[in-house]
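A.B. asks: Pasting a structure here, questions to come.
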Amino acid sequence: MNFDPSDPDHLCAAICAGFATWCLVASWVTGTYSHVDRLWSITPAVYASVYAYASGFDARASTMAALTWVWGIRLTYNFARKGGYSKGEQDYRWPVLREHPLLKHPVAWQAFNLGFIATYQHALLLLIARPSSAAYEAKGSELNALDRIAFGLFAFFVAFESVADQQQWIFQQSKHRAPGHARVNALRDDYKRGFLTSGLFRYSRHPNFFAEQCAWVSYYLFAVAAKWDGRADLFGASWRDAWVHEQGIGAVLLVLLFQGSTRFTESITAGKYPEYAEYRKTTSALVPLPPFGKLRAPTKKAR
């Protein structure tokens, strides 16, 4: 297949390959492996913008691009304030994962770096933005009820994730007594536990993970809207034709990735904080639900 720079699919694939190559080379130069994390909040917005431009700034494609920039700017801000762009900074999970028996050998780790960290993750970021390709293909068509639902859901889950991240930020900063962040009396038990169990975290152990997944599932609804003529029965015998499209692969893969990363993250947390086991018993992992029971008072003193 010949590369056609006027084809947004080709252009996005080339940009994705460039991002992946940059992250791979940067990992070799720096010896750290969070370069994809630094681009995570940027690349989907870039891809959505390519499709919006190629569509002549069609209403649906432009709306989708604008939403991805709102999502991306917020996530970039949250990542930056946690020091994510600092020199030498990397996700604490990579060094732990590198100690896995299957990845300890340098060759095995570099194969993982090439195949998963640099290549697969960037391919996933391209795929979650793929619903924009459906908007490009349907350029000129009118917005419909599904577009409005998708817009509302995406905006809601970005706001939900913002609240969860802010609650975690306040807790972590005050827990470590960062300048300008006084201890919060309502969080005194959580300081003793070492982790947050209040606010949204009383109903989900990872409300931000939940919202992130839901936001991109909501984004896929734009693809469904683009392919819907407004007359076909969405819930009839041919519902698969209305709801199931290749642009949904990214959302499915993202949800699957979060299942594995959540379990891995919790295995580290449980090893660090003894009382996390009880928190797991009383609180849903992802979907916010009423608590399954009452948390016992923490046994250690707050530091």
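Identifiers in this document derive from the order of the structure tokens: chains are assigned A, B, ..., residues are numbered from 1 separately in each chain, and ligands are numbered from 1 in order of occurrence.
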Please return as a ChimeraX atom specification: the residues of range 187-281 of chain A that backbone DSSP assigns to helix (DSSP H, G or I).
C.D. replies: /A:187-193,199-202,207-227,239-243,246-272,276-281
A.B. asks: Got a sec: who's within 8 Å of Tyr219 in chain A, counting only C-alpha atoms, leaving out chain neighbours fewer than 6 positions off, as a ChimeraX atom specification?
C.D. replies: /A:64,131,150-151,154
A.B. asks: Hey, what's within 12 Å of range 81-84 of chain A if we count only C-alpha atoms and toss same-chain stuff fewer than 3 positions away? As a list in words, please?
C.D. replies: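 Residues meeting the cut-off are Tyr33, Ser34, His35, Val36, Asp37, Arg38, Leu39, Trp40, Ser41, Arg74, Leu75, Thr76, Tyr77, Asn78, Lys87, Gly88, Glu89, Gln90, Asp91, Tyr92, Asp165, Gln166, Gln168, Trp169, Ile170, Gln172, Gln173 and Ala178 of chain A.
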A.B. asks: Write out as number ranges by chain each polymer residue whose atoms come within 12 Å of Thr265 in chain A, counting only C-alpha atoms; drop sequence neighbours fewer than 2 positions from it.
C.D. replies: A: 91-94, 96-97, 205-206, 209, 258-263, 267-272, 285
A.B. asks: Restricting the calculation to only C-alpha atoms: of A:Asp189, A:Glu212, A:Asp233, A:Asp9, which residue gets closest to Ser132 in chain A?
C.D. replies: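 Smallest separation from Ser132 in chain A among the options: A:Asp9.
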A.B. asks: Check the smallest atom-to-atom distance from each of A:Leu286, A:Ile149, A:Ala108, A:Ala54 to Phe201 in chain A using only C-alpha atoms, then report the winner.
C.D. replies: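 The answer is A:Leu286, which sits nearest to Phe201 in chain A.
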A.B. asks: I'd like the neighbourhood of Gln121 in chain A as a list in words, where a residue qualifies if any of its atoms comes within 9 Å (using only C-alpha atoms), though same-chain residues fewer than 4 positions away should be ignored.
C.D. replies: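 Answer for this query is Ala20, Val36, Trp40, Gly115, Phe116, Ile117, Leu125 and Leu126 of chain A.
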A.B. asks: Please write the residues from the selection above to a file, keeping N, CA, C and O atoms, as a compact mmCIF listing (two decimals), in the first residue's frame.
C.D. replies:
# COMPACT_ATOMS: atom_id res chain seq x y z
N ALA A 20 5.84 6.22 18.44
CA ALA A 20 6.36 4.97 19.00
C ALA A 20 7.88 4.92 18.87
O ALA A 20 8.58 4.50 19.81
N VAL A 36 5.89 7.07 26.88
CA VAL A 36 4.52 6.96 26.37
C VAL A 36 3.56 7.69 27.31
O VAL A 36 2.63 8.35 26.86
N TRP A 40 0.64 10.33 26.44
CA TRP A 40 -0.68 9.68 26.52
C TRP A 40 -1.83 10.67 26.37
O TRP A 40 -2.82 10.39 25.70
N GLY A 115 7.72 -4.23 22.07
CA GLY A 115 6.41 -4.77 21.69
C GLY A 115 5.24 -4.15 22.42
O GLY A 115 4.20 -3.87 21.80
N PHE A 116 5.40 -3.93 23.74
CA PHE A 116 4.26 -3.42 24.51
C PHE A 116 4.37 -1.94 24.82
O PHE A 116 3.49 -1.16 24.47
N ILE A 117 5.45 -1.55 25.51
CA ILE A 117 5.53 -0.17 26.00
C ILE A 117 5.47 0.83 24.84
O ILE A 117 4.65 1.75 24.83
N LEU A 125 -3.56 3.97 21.64
CA LEU A 125 -3.95 5.38 21.65
C LEU A 125 -4.52 5.81 20.31
O LEU A 125 -5.43 6.65 20.24
N LEU A 126 -3.98 5.24 19.23
CA LEU A 126 -4.55 5.52 17.91
C LEU A 126 -5.94 4.90 17.78
O LEU A 126 -6.87 5.53 17.27
A.B. asks: Need the shell around range 42-50 of chain A: protein/DNA/RNA residues with any atom at most 10 Å away, counting only C-alpha atoms. Skip same-chain ones fewer than 2 positions apart. Format as a PyMOL selection string?
C.D. replies: chain A and resi 7-9+11-13+15-16+19+36-40+52-55+57+61-73+75-76+122+124-133+135-136
A.B. asks: Restricting the calculation to only C-alpha atoms, which member of A:Pro207, A:Ala215, A:Tyr273, A:Ala111 is positioned closest to Val163 in chain A?
C.D. replies: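 Answer, going by the shortest atom-to-atom distance: A:Pro207.
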A.B. asks: What is the CA of Leu289 in chain A-CA of Tyr203 in chain A distance in Å, reported with one decimal?
C.D. replies: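 So the answer is 5.1 Å.
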A.B. asks: For Arg60 in chain A, which residue out of A:Lys294, A:Lys104, A:Lys139, A:Lys175 is the nearest one, using only C-alpha atoms?
C.D. replies: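 Counting only C-alpha atoms, the residue closest to Arg60 in chain A is A:Lys139.
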A.B. asks: To one decimal place, how far is CA of Leu114 in chain A from CA of Leu24 in chain A in Å?
C.D. replies: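 CA of Leu24 in chain A lies 6.6 Å from CA of Leu114 in chain A.
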